[in-house]
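target-v9.csv (CSV, C-alpha atoms and all ligand atoms) appears below.
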chain,number,residue,atom,x,y,z
T,1,MET,CA,-71.7,30.1,-101.6
T,2,GLU,CA,-71.3,30.7,-105.3
T,3,VAL,CA,-68.6,33.3,-104.6
T,4,ARG,CA,-66.7,31.0,-102.3
T,5,LEU,CA,-66.9,28.2,-104.9
T,6,PHE,CA,-65.6,30.5,-107.6
T,7,TRP,CA,-62.7,31.6,-105.3
T,8,THR,CA,-61.6,28.1,-104.4
T,9,ARG,CA,-61.7,27.0,-108.0
T,10,MET,CA,-60.0,30.0,-109.5
T,11,ALA,CA,-57.5,31.2,-106.9
T,12,PRO,CA,-55.1,28.3,-106.9
T,13,ARG,CA,-54.6,28.6,-110.7
T,14,MET,CA,-53.8,32.3,-110.6
T,15,PRO,CA,-50.4,34.0,-110.1
T,16,GLY,CA,-50.1,35.9,-106.8
T,17,VAL,CA,-50.9,39.5,-108.0
T,18,ALA,CA,-54.0,38.3,-110.0
T,19,ARG,CA,-55.2,36.4,-106.9
T,20,TRP,CA,-55.0,39.5,-104.8
T,21,ALA,CA,-56.8,41.6,-107.5
T,22,LEU,CA,-59.6,39.0,-107.7
T,23,ALA,CA,-59.9,38.9,-103.9
T,24,LEU,CA,-60.2,42.7,-103.8
T,25,ALA,CA,-62.8,42.7,-106.6
T,26,LEU,CA,-64.9,40.1,-104.9
T,27,LEU,CA,-64.7,42.0,-101.6
T,28,VAL,CA,-65.8,45.3,-103.3
T,29,CYS,CA,-68.6,43.6,-105.1
T,30,CYS,CA,-70.0,41.5,-102.3
T,31,SER,CA,-69.4,43.5,-99.1
T,32,PRO,CA,-72.7,45.0,-97.9
T,33,ALA,CA,-70.8,48.0,-96.5
T,34,VAL,CA,-69.8,49.1,-100.0
T,35,ALA,CA,-72.7,47.7,-101.9
T,36,GLY,CA,-73.8,51.2,-103.0
T,37,GLU,CA,-74.0,54.7,-101.7
T,38,LEU,CA,-77.1,55.3,-99.6
T,39,LEU,CA,-79.1,58.5,-99.7
T,40,ASP,CA,-81.6,59.4,-97.0
T,41,LEU,CA,-84.6,61.0,-98.7
T,42,THR,CA,-86.6,61.6,-95.5
T,43,HIS,CA,-87.4,64.9,-93.9
T,44,THR,CA,-86.8,64.8,-90.1
T,45,LEU,CA,-90.0,64.9,-88.1
T,46,ASP,CA,-89.9,67.8,-85.7
T,47,ASN,CA,-91.7,71.0,-84.8
T,48,THR,CA,-90.8,72.5,-88.2
T,49,THR,CA,-92.7,69.7,-90.1
T,50,LEU,CA,-95.2,71.1,-92.5
T,51,TYR,CA,-98.7,69.7,-92.4
T,52,TRP,CA,-101.5,69.9,-95.0
T,53,ASN,CA,-103.8,71.3,-92.3
T,54,GLU,CA,-102.1,74.2,-90.6
T,55,LYS,CA,-103.7,73.3,-87.3
T,56,ASP,CA,-101.9,69.9,-87.2
T,57,SER,CA,-98.4,69.7,-85.6
T,58,PHE,CA,-95.8,67.3,-84.4
T,59,THR,CA,-95.2,67.1,-80.7
T,60,LEU,CA,-92.6,65.3,-78.8
T,61,THR,CA,-93.3,65.1,-75.0
T,62,ARG,CA,-90.8,63.8,-72.5
T,63,VAL,CA,-92.5,61.1,-70.4
T,64,GLU,CA,-89.5,59.7,-68.6
T,65,GLN,CA,-86.7,61.7,-67.0
T,66,PRO,CA,-83.2,60.4,-66.4
T,67,ALA,CA,-83.4,60.7,-62.7
T,68,ASN,CA,-82.9,58.7,-59.4
T,69,ARG,CA,-82.0,55.5,-61.2
T,70,PRO,CA,-78.9,53.3,-61.4
T,71,PHE,CA,-78.9,53.8,-65.2
T,72,TRP,CA,-79.6,56.7,-67.6
T,73,SER,CA,-82.9,56.5,-69.5
T,74,GLN,CA,-85.3,58.8,-71.3
T,75,LYS,CA,-88.6,58.3,-73.2
T,76,PHE,CA,-90.9,60.5,-75.3
T,77,LYS,CA,-94.4,60.4,-76.5
T,78,ILE,CA,-95.0,61.4,-80.1
T,79,GLU,CA,-98.3,62.9,-81.3
T,80,THR,CA,-99.1,63.5,-84.9
T,81,VAL,CA,-101.6,62.7,-87.6
T,82,GLU,CA,-100.4,59.8,-89.8
T,83,HIS,CA,-99.8,61.9,-92.9
T,84,ALA,CA,-96.8,63.8,-91.5
T,85,GLY,CA,-93.5,64.8,-93.1
T,86,THR,CA,-92.1,62.2,-95.5
T,87,HIS,CA,-94.9,59.7,-95.4
T,88,MET,CA,-96.8,56.9,-97.2
T,89,ASP,CA,-100.5,57.0,-98.1
T,90,ALA,CA,-101.9,53.4,-97.9
T,91,PRO,CA,-104.5,52.5,-100.5
T,92,SER,CA,-107.1,52.5,-97.7
T,93,HIS,CA,-106.5,56.3,-97.4
T,94,PHE,CA,-108.8,56.9,-100.4
T,95,TYR,CA,-110.4,53.5,-101.0
T,96,GLU,CA,-112.3,51.7,-98.2
T,97,GLN,CA,-111.4,48.2,-99.4
T,98,GLY,CA,-107.7,49.0,-100.1
T,99,TRP,CA,-104.7,47.8,-98.2
T,100,THR,CA,-104.1,49.5,-94.9
T,101,ILE,CA,-100.5,50.5,-94.2
T,102,ALA,CA,-99.9,47.2,-92.4
T,103,ASP,CA,-101.4,45.2,-95.2
T,104,ILE,CA,-99.0,46.3,-98.0
T,105,PRO,CA,-96.7,43.3,-98.8
T,106,VAL,CA,-93.2,44.0,-97.8
T,107,GLU,CA,-91.8,42.9,-101.2
T,108,ARG,CA,-93.5,46.0,-102.6
T,109,LEU,CA,-91.5,48.3,-100.2
T,110,ILE,CA,-88.1,47.6,-101.6
T,111,ALA,CA,-88.2,48.3,-105.3
T,112,ASN,CA,-86.6,49.7,-108.4
T,113,ALA,CA,-86.5,53.5,-108.3
T,114,ALA,CA,-87.7,55.2,-111.6
T,115,VAL,CA,-87.2,59.0,-111.4
T,116,ILE,CA,-88.9,61.4,-113.7
T,117,ASP,CA,-87.6,64.9,-113.5
T,118,ILE,CA,-90.1,67.8,-114.2
T,119,SER,CA,-88.1,70.4,-112.1
T,120,GLU,CA,-87.5,72.7,-115.1
T,121,ARG,CA,-91.2,72.8,-115.9
T,122,SER,CA,-92.1,73.2,-112.2
T,123,ALA,CA,-89.8,76.1,-111.8
T,124,ALA,CA,-91.6,77.9,-114.6
T,125,ASN,CA,-95.1,76.8,-113.6
T,126,PRO,CA,-96.2,75.9,-110.1
T,127,ASP,CA,-99.2,74.1,-111.5
T,128,ALA,CA,-97.1,71.8,-113.7
T,129,MET,CA,-98.3,68.2,-114.0
T,130,VAL,CA,-96.9,64.8,-114.9
T,131,THR,CA,-98.5,63.5,-118.1
T,132,PRO,CA,-98.6,60.1,-119.8
T,133,GLU,CA,-96.0,61.5,-122.3
T,134,ASP,CA,-93.6,61.9,-119.4
T,135,LEU,CA,-94.0,58.3,-118.5
T,136,ASP,CA,-93.6,57.2,-122.1
T,137,ALA,CA,-90.4,59.3,-122.4
T,138,TRP,CA,-89.0,57.4,-119.5
T,139,ARG,CA,-90.1,54.1,-121.0
T,140,ASP,CA,-88.5,55.1,-124.4
T,141,ALA,CA,-85.2,55.8,-122.7
T,142,HIS,CA,-85.0,53.0,-120.2
T,143,GLY,CA,-87.5,50.3,-121.3
T,144,GLN,CA,-90.6,49.1,-119.5
T,145,PHE,CA,-90.9,49.5,-115.7
T,146,LYS,CA,-89.9,46.2,-114.1
T,147,TYR,CA,-91.8,44.8,-111.1
T,148,PRO,CA,-91.5,46.0,-108.4
T,149,THR,CA,-91.0,49.7,-109.4
T,150,ILE,CA,-91.8,52.9,-107.5
T,151,VAL,CA,-92.1,55.9,-109.8
T,152,LEU,CA,-90.7,59.0,-108.2
T,153,ILE,CA,-91.3,62.6,-109.5
T,154,ARG,CA,-88.7,65.3,-108.9
T,155,THR,CA,-90.2,68.7,-109.1
T,156,GLY,CA,-87.4,70.4,-107.1
T,157,TYR,CA,-89.9,71.5,-104.4
T,158,ALA,CA,-87.9,69.6,-101.7
T,159,ALA,CA,-85.6,72.6,-101.7
T,160,TYR,CA,-88.4,74.8,-100.3
T,161,TRP,CA,-89.0,72.5,-97.2
T,162,PRO,CA,-89.9,73.7,-94.5
T,163,ASP,CA,-90.9,77.1,-95.8
T,164,ARG,CA,-94.7,76.8,-95.7
T,165,ASN,CA,-95.5,79.6,-98.2
T,166,ARG,CA,-93.0,78.5,-100.9
T,167,TYR,CA,-93.6,74.8,-100.4
T,168,PHE,CA,-97.4,75.0,-100.7
T,169,GLY,CA,-97.2,77.9,-103.2
T,170,LEU,CA,-99.3,80.2,-101.1
T,171,SER,CA,-99.7,83.9,-101.9
T,172,ASP,CA,-101.7,86.8,-100.5
T,173,ALA,CA,-103.5,87.1,-103.9
T,174,GLU,CA,-105.2,83.7,-103.3
T,175,PRO,CA,-105.4,83.0,-99.6
T,176,GLY,CA,-105.6,79.3,-98.8
T,177,VAL,CA,-105.1,78.1,-102.4
T,178,TYR,CA,-102.1,75.8,-102.9
T,179,HIS,CA,-100.0,75.9,-106.1
T,180,PHE,CA,-97.5,73.1,-106.5
T,181,PRO,CA,-96.9,70.5,-109.2
T,182,GLY,CA,-98.3,67.0,-109.1
T,183,PHE,CA,-99.4,64.0,-111.2
T,184,GLY,CA,-102.2,64.6,-113.8
T,185,GLU,CA,-105.1,62.3,-113.7
T,186,ALA,CA,-104.2,60.6,-117.0
T,187,ALA,CA,-100.7,59.8,-115.7
T,188,GLY,CA,-102.2,58.4,-112.5
T,189,GLN,CA,-104.5,56.2,-114.6
T,190,ASP,CA,-101.5,55.0,-116.7
T,191,LEU,CA,-99.5,54.0,-113.6
T,192,ALA,CA,-102.5,52.3,-112.0
T,193,GLU,CA,-102.8,50.1,-115.1
T,194,ASP,CA,-99.1,49.2,-115.1
T,195,PRO,CA,-98.7,45.9,-113.2
T,196,ALA,CA,-94.9,46.6,-112.6
T,197,VAL,CA,-95.6,49.8,-110.7
T,198,VAL,CA,-96.3,49.1,-107.0
T,199,GLY,CA,-96.4,52.7,-105.8
T,200,VAL,CA,-95.4,56.3,-106.6
T,201,GLY,CA,-93.7,59.2,-104.8
T,202,ILE,CA,-93.3,62.9,-105.2
T,203,ASP,CA,-91.2,65.7,-103.5
T,204,THR,CA,-94.3,67.9,-102.9
T,205,ALA,CA,-97.2,67.8,-100.3
T,206,SER,CA,-99.5,65.8,-102.5
T,207,LEU,CA,-99.7,63.3,-105.4
T,208,ASP,CA,-102.3,65.6,-107.0
T,209,GLN,CA,-101.5,69.1,-108.0
T,210,GLY,CA,-101.9,71.7,-105.2
T,211,VAL,CA,-104.9,73.3,-107.0
T,212,SER,CA,-106.8,70.1,-107.3
T,213,ARG,CA,-110.1,70.0,-105.4
T,214,THR,CA,-111.1,66.4,-106.2
T,215,LEU,CA,-107.8,64.5,-105.8
T,216,PRO,CA,-108.4,62.1,-108.7
T,217,VAL,CA,-104.8,60.7,-108.6
T,218,HIS,CA,-105.2,59.6,-105.0
T,219,ALA,CA,-108.4,57.9,-105.9
T,220,VAL,CA,-107.3,56.1,-109.0
T,221,LEU,CA,-104.1,54.8,-107.5
T,222,SER,CA,-105.8,53.7,-104.2
T,223,ARG,CA,-108.4,51.7,-106.2
T,224,ALA,CA,-105.6,49.8,-107.9
T,225,ASN,CA,-103.9,49.1,-104.4
T,226,ARG,CA,-100.9,51.3,-105.2
T,227,PHE,CA,-99.4,53.4,-102.4
T,228,GLY,CA,-98.2,57.0,-102.7
T,229,MET,CA,-95.4,58.8,-100.9
T,230,GLU,CA,-95.5,62.5,-100.3
T,231,ASN,CA,-92.9,65.0,-99.1
T,232,VAL,CA,-90.1,62.8,-100.4
T,233,GLY,CA,-86.7,64.5,-100.0
T,234,ASP,CA,-84.2,65.8,-102.6
T,235,LEU,CA,-84.2,63.5,-105.6
T,236,SER,CA,-81.5,65.5,-107.5
T,237,GLN,CA,-78.8,62.9,-106.9
T,238,VAL,CA,-80.9,59.9,-107.9
T,239,PRO,CA,-80.5,58.6,-111.5
T,240,ALA,CA,-83.5,58.1,-113.7
T,241,SER,CA,-83.0,54.4,-113.5
T,242,GLY,CA,-80.8,51.8,-111.8
T,243,ALA,CA,-81.1,52.8,-108.1
T,244,ARG,CA,-83.1,50.8,-105.5
T,245,ILE,CA,-85.5,52.4,-103.1
T,246,TYR,CA,-86.3,51.3,-99.5
T,247,ALA,CA,-89.7,52.8,-98.5
T,248,LEU,CA,-90.5,51.6,-95.0
T,249,PRO,CA,-93.5,53.1,-93.3
T,250,MET,CA,-94.5,52.8,-89.7
T,251,LYS,CA,-96.6,49.6,-89.5
T,252,THR,CA,-99.8,50.7,-87.7
T,253,GLY,CA,-102.6,48.2,-87.6
T,254,GLY,CA,-105.5,49.5,-89.7
T,255,GLY,CA,-103.6,52.7,-90.5
T,256,SER,CA,-104.3,54.8,-93.6
T,257,GLY,CA,-100.7,55.9,-93.9
T,258,GLY,CA,-97.7,56.7,-91.8
T,259,PRO,CA,-94.3,58.4,-91.5
T,260,CYS,CA,-91.9,56.6,-93.8
T,261,ARG,CA,-88.2,56.3,-94.0
T,262,VAL,CA,-87.2,56.6,-97.6
T,263,VAL,CA,-83.7,55.4,-98.5
T,264,ILE,CA,-82.1,55.2,-102.0
T,265,GLU,CA,-79.3,52.8,-102.7
T,266,LEU,CA,-77.3,53.9,-105.7
T,267,GLU,CA,-76.0,51.2,-108.0
T,268,PRO,CA,-77.3,48.3,-105.9
T,269,SER,CA,-74.9,45.4,-105.5
T,270,THR,CA,-75.6,42.5,-107.9
T,271,CYS,CA,-74.5,40.1,-105.1
T,272,ARG,CA,-77.6,41.1,-103.0
T,273,GLY,CA,-81.3,41.0,-103.8
T,274,LYS,CA,-80.7,39.2,-107.1
T,275,GLY,CA,-83.0,40.3,-109.9
T,276,ARG,CA,-84.1,43.5,-108.2
T,277,GLY,CA,-81.6,46.0,-109.5
T,278,GLN,CA,-82.0,47.0,-113.1
T,279,LYS,CA,-79.2,46.3,-115.4
T,280,GLY,CA,-78.4,47.7,-118.8
T,281,ARG,CA,-79.9,51.2,-118.9
T,282,GLY,CA,-80.4,50.9,-122.7
T,283,ARG,CA,-80.7,54.7,-122.9
T,284,GLY,CA,-82.1,55.8,-126.3
T,285,GLN,CA,-82.6,52.3,-127.7
T,286,LYS,CA,-86.3,52.2,-128.1
T,287,GLY,CA,-88.8,54.3,-130.0
T,288,ARG,CA,-86.6,57.3,-130.1
T,289,GLY,CA,-85.3,59.4,-132.9
T,290,ARG,CA,-88.2,61.7,-133.6
T,291,GLY,CA,-86.4,64.2,-135.8
T,292,GLN,CA,-83.0,63.0,-134.8
T,293,GLY,CA,-82.3,61.7,-138.3
T,294,GLY,CA,-83.2,65.2,-139.6
T,295,ARG,CA,-80.7,66.8,-137.3
T,296,ARG,CA,-78.0,64.4,-138.4
T,297,GLY,CA,-78.6,65.2,-142.1
T,298,GLN,CA,-78.1,68.9,-141.7
T,299,GLY,CA,-76.1,70.7,-144.3
T,300,ARG,CA,-77.1,68.7,-147.4
T,301,ASP,CA,-80.4,68.6,-149.1
T,302,GLN,CA,-80.2,64.9,-149.6
T,303,GLY,CA,-79.0,64.3,-146.1
T,304,GLN,CA,-81.8,66.4,-144.7
T,305,GLU,CA,-84.5,64.6,-146.8
T,306,SER,CA,-83.3,61.1,-145.9
T,307,GLY,CA,-82.8,62.2,-142.3
T,308,ARG,CA,-86.3,63.6,-142.1
T,309,ARG,CA,-87.7,60.4,-143.5
T,310,GLN,CA,-85.6,58.4,-141.1
T,311,GLY,CA,-86.8,60.6,-138.2
T,312,GLN,CA,-90.4,60.2,-139.2
T,313,ASP,CA,-90.1,56.4,-139.6
T,314,GLN,CA,-88.5,56.2,-136.2
T,315,GLY,CA,-91.1,58.4,-134.7
T,316,GLN,CA,-93.9,56.2,-136.1
T,317,GLU,CA,-92.0,53.1,-134.9
T,318,GLY,CA,-91.8,54.7,-131.5
T,319,ARG,CA,-95.6,55.3,-131.5
T,320,ARG,CA,-96.2,51.8,-132.6
T,321,GLN,CA,-94.0,50.4,-129.9
T,322,ARG,CA,-95.7,52.5,-127.3
T,323,GLN,CA,-99.1,51.3,-128.4
T,324,GLY,CA,-97.9,47.7,-128.4
T,325,ARG,CA,-96.5,48.2,-124.9
T,326,ARG,CA,-99.8,49.5,-123.7
T,327,GLN,CA,-101.6,46.5,-125.1
T,328,GLY,CA,-99.0,44.2,-123.6
T,329,ARG,CA,-99.4,45.8,-120.2
T,330,ARG,CA,-103.1,45.4,-120.4
T,331,ARG,CA,-102.8,41.7,-121.3
T,332,GLN,CA,-100.2,41.3,-118.5
T,333,GLN,CA,-102.6,43.0,-116.0
T,334,GLU,CA,-105.5,40.8,-117.0
T,335,GLN,CA,-103.3,37.7,-116.5
T,336,HIS,CA,-102.1,39.0,-113.1
T,337,ALA,CA,-105.3,40.5,-112.0
T,338,HIS,CA,-105.9,37.8,-109.3
T,339,GLU,CA,-102.4,37.4,-108.0
T,340,GLU,CA,-101.3,41.1,-108.2
T,341,LEU,CA,-104.3,42.8,-106.7
T,342,PRO,CA,-105.7,40.8,-103.9
T,343,VAL,CA,-107.0,42.7,-100.9
T,344,PRO,CA,-106.3,40.8,-97.7
T,345,GLY,CA,-109.4,40.1,-95.7
T,346,PHE,CA,-111.8,41.0,-98.5
T,347,GLU,CA,-113.6,38.9,-101.1
S,401,ZN,ZN,-100.8,61.5,-97.2

Can you give me the file's structure in the form of structure tokens?
Amino acid sequence: MEVRLFWTRMAPRMPGVARWALALALLVCCSPAVAGELLDLTHTLDNTTLYWNEKDSFTLTRVEQPANRPFWSQKFKIETVEHAGTHMDAPSHFYEQGWTIADIPVERLIANAAVIDISERSAANPDAMVTPEDLDAWRDAHGQFKYPTIVLIRTGYAAYWPDRNRYFGLSDAEPGVYHFPGFGEAAGQDLAEDPAVVGVGIDTASLDQGVSRTLPVHAVLSRANRFGMENVGDLSQVPASGARIYALPMKTGGGSGGPCRVVIELEPSTCRGKGRGQKGRGRGQKGRGRGQGGRRGQGRDQGQESGRRQGQDQGQEGRRQRQGRRQGRRRQQEQHAHEELPVPGFE
């Protein structure tokens, strides 16, 4: 309506060429067909799908043949454990009172996508982990996470799918031991305490590192009613901020998780889903500059000295801001404790 009003008011006052340019601009901005490029970050479920337990598999059985009918029709039965391929872990997977997959409010499934790239570290070390410093570096560059945000980790392991040995980091030296990157426990705790974060995702087989025996990240996120997505597809084309994610799992009553279609919308239209897309990336505006002043002052003693001081001041300022943000988040969480984390059907 707003767009139509704008058009009827503005168009008659404009010369012909400008009117056509305005019409084209409005069309480009508001047509859902060109709202933003879509990326499918979902591995196809089939008989190549990797499962945590090697004994599990995906089977598709034909139960209806196209025969002896006036029309053509076919039907299959699918058999799989819930946690198959690109999938979502519901909080009830690791916390009895947590939301089941059908309980997760739908407004948490379409969210801002925040991507943290640890692929360089992961290439050098299969046991690499996401730390609170990685989360703070994202916040320094892009500002606080905004509700609802799904934090996605790019390790680069999507490229190994579906090669079981490479994807799970298996070797003859340690039979049955997995080595692939994941969230560290402290990062999981940080995200569980951030009221803007509704869930997380990673392009490996587990939120926890492959070597983990106790899976603390699953536990801490589930207790906070945050969902997790595993075996997410290639995140290399998704910007650190500004994209929107659609994470839509199969809605099984009472389910602990399920196969999930994960779609990224690059540069979401501002004409649709108002307030969801993040605007203004603000890269490098906050709490940065550790040592940057020093680099700028190179070549002159005086410049170096003042640059160092500036860098130090900015570094301290950055730390202060981070501390303030943590306190702010804690306060926010206390305020929203009741509205944000209700568990349907439980006291
Ligand atoms: Zn799972």

Could you give me, as number ranges by chain, the residues within 12 Å of Thr61 (chain T), counting all atoms listed in the file and dropping anything in the same chain fewer than 5 positions from it? T: 46-47, 74-80

Output for the residues just chosen: C-alpha atoms as an mmCIF file, keeping the file's coordinate frame:
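Once everything was written out, this is result06.cif:
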data_model
loop_
_atom_site.group_PDB
_atom_site.id
_atom_site.type_symbol
_atom_site.label_atom_id
_atom_site.label_comp_id
_atom_site.auth_asym_id
_atom_site.auth_seq_id
_atom_site.Cartn_x
_atom_site.Cartn_y
_atom_site.Cartn_z
ATOM 1 C CA ASP T 46 -89.900 67.800 -85.700
ATOM 2 C CA ASN T 47 -91.700 71.000 -84.800
ATOM 3 C CA GLN T 74 -85.300 58.800 -71.300
ATOM 4 C CA LYS T 75 -88.600 58.300 -73.200
ATOM 5 C CA PHE T 76 -90.900 60.500 -75.300
ATOM 6 C CA LYS T 77 -94.400 60.400 -76.500
ATOM 7 C CA ILE T 78 -95.000 61.400 -80.100
ATOM 8 C CA GLU T 79 -98.300 62.900 -81.300
ATOM 9 C CA THR T 80 -99.100 63.500 -84.900
#

Kindly indicate which residue among T:Gly233, T:Glu265, T:Phe94, T:His87 lies nearest to Thr214 (chain T), using all atoms listed in the file for the distances.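 The closest residue to Thr214 (chain T) is T:Phe94.
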
Using only C-alpha atoms and all ligand atoms, what are the residues with an atom within 10 Å of ligand ZN 401 (chain S), set out as JSON, numbers by chain? {"T": [51, 52, 81, 82, 83, 84, 85, 86, 87, 88, 89, 90, 93, 94, 205, 206, 207, 218, 227, 228, 229, 230, 231, 256, 257, 258, 259]}

Would you work out the distance separating CA of Asn53 (chain T) from CA of Val177 (chain T), expressed in Å to one decimal? 12.2 Å

What is the CA of Ile104 (chain T)-CA of Phe183 (chain T) distance in Å, reported with one decimal?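 These two atoms are separated by 22.1 Å.
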
Distance CA of Asp103 (chain T)-CA of Arg139 (chain T), one decimal place? 29.5 Å

Can you tell me which residues surround Ala114 (chain T) at a distance of at most 6 Å, considering all atoms listed in the file, apart from same-chain residues fewer than 6 positions away, and format the answer as an MDAnalysis selection string? chainID T and resid 151:152 240:241

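Checking T:Leu38, T:Ala124, T:Ala243, T:Ala111 one by one against Val198 (chain T), counting all atoms listed in the file, you find the shortest gap at T:Ala111.
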
Determine, counting only C-alpha atoms, which protein, DNA and RNA residues have an atom within 12 Å of an atom of Gln237 (chain T); residues of the same chain fewer than 6 positions away are not included. Present the result as a short mmCIF file (atom, residue, chain, number, x, y, z; two decimals) with C-alpha atoms, in the coordinates of the input.
data_model
loop_
_atom_site.label_atom_id
_atom_site.label_comp_id
_atom_site.auth_asym_id
_atom_site.auth_seq_id
_atom_site.Cartn_x
_atom_site.Cartn_y
_atom_site.Cartn_z
CA GLU T 37 -74.00 54.70 -101.70
CA LEU T 38 -77.10 55.30 -99.60
CA LEU T 39 -79.10 58.50 -99.70
CA ASP T 40 -81.60 59.40 -97.00
CA LEU T 41 -84.60 61.00 -98.70
CA VAL T 115 -87.20 59.00 -111.40
CA ASP T 117 -87.60 64.90 -113.50
CA ARG T 154 -88.70 65.30 -108.90
CA GLY T 156 -87.40 70.40 -107.10
CA ALA T 243 -81.10 52.80 -108.10
CA ILE T 264 -82.10 55.20 -102.00
CA GLU T 265 -79.30 52.80 -102.70
CA LEU T 266 -77.30 53.90 -105.70
#

From the list T:Thr59, T:Ser236, T:Ser222, T:Thr252, which residue is nearest Leu45 (chain T) when using only C-alpha atoms?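 Comparing T:Thr59, T:Ser236, T:Ser222, T:Thr252 against Leu45 (chain T), the winner is T:Thr59.
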
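Considering all atoms listed in the file, the residue among T:Met129, T:Leu235, T:Val217, T:Phe145 positioned nearest to Tyr157 (chain T) is T:Leu235.
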
Using all atoms listed in the file, which of T:Ala128, T:Val211, T:Leu50, T:Ala123 sits nearest Trp161 (chain T)? T:Leu50

Please determine, counting all atoms listed in the file, which residue among T:Tyr160, T:Arg166, T:Tyr246, T:Val220 has the shortest atom-to-atom distance to Pro91 (chain T). T:Val220

Residues near Ala196 (chain T), anyone? I mean within 8 Å using only C-alpha atoms, not counting same-chain ones fewer than 6 positions away, as a PyMOL selection string. chain T and resi 145-149

Produce region 34-45 of chain T of the given structure as output with C-alpha atoms, as an mmCIF file, in the first residue's frame.
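And here's part_2.cif as it stands now:
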data_model
loop_
_atom_site.group_PDB
_atom_site.id
_atom_site.type_symbol
_atom_site.label_atom_id
_atom_site.label_comp_id
_atom_site.auth_asym_id
_atom_site.auth_seq_id
_atom_site.Cartn_x
_atom_site.Cartn_y
_atom_site.Cartn_z
ATOM 1 C CA VAL T 34 14.218 -10.491 -7.515
ATOM 2 C CA ALA T 35 14.237 -9.770 -3.792
ATOM 3 C CA GLY T 36 17.583 -11.475 -3.337
ATOM 4 C CA GLU T 37 19.597 -14.368 -4.672
ATOM 5 C CA LEU T 38 18.772 -17.649 -2.971
ATOM 6 C CA LEU T 39 21.353 -20.274 -1.999
ATOM 7 C CA ASP T 40 20.340 -23.818 -1.100
ATOM 8 C CA LEU T 41 22.602 -24.960 1.753
ATOM 9 C CA THR T 42 21.031 -28.403 2.014
ATOM 10 C CA HIS T 43 22.746 -31.698 1.188
ATOM 11 C CA THR T 44 20.378 -33.963 -0.766
ATOM 12 C CA LEU T 45 19.131 -36.928 1.274
#
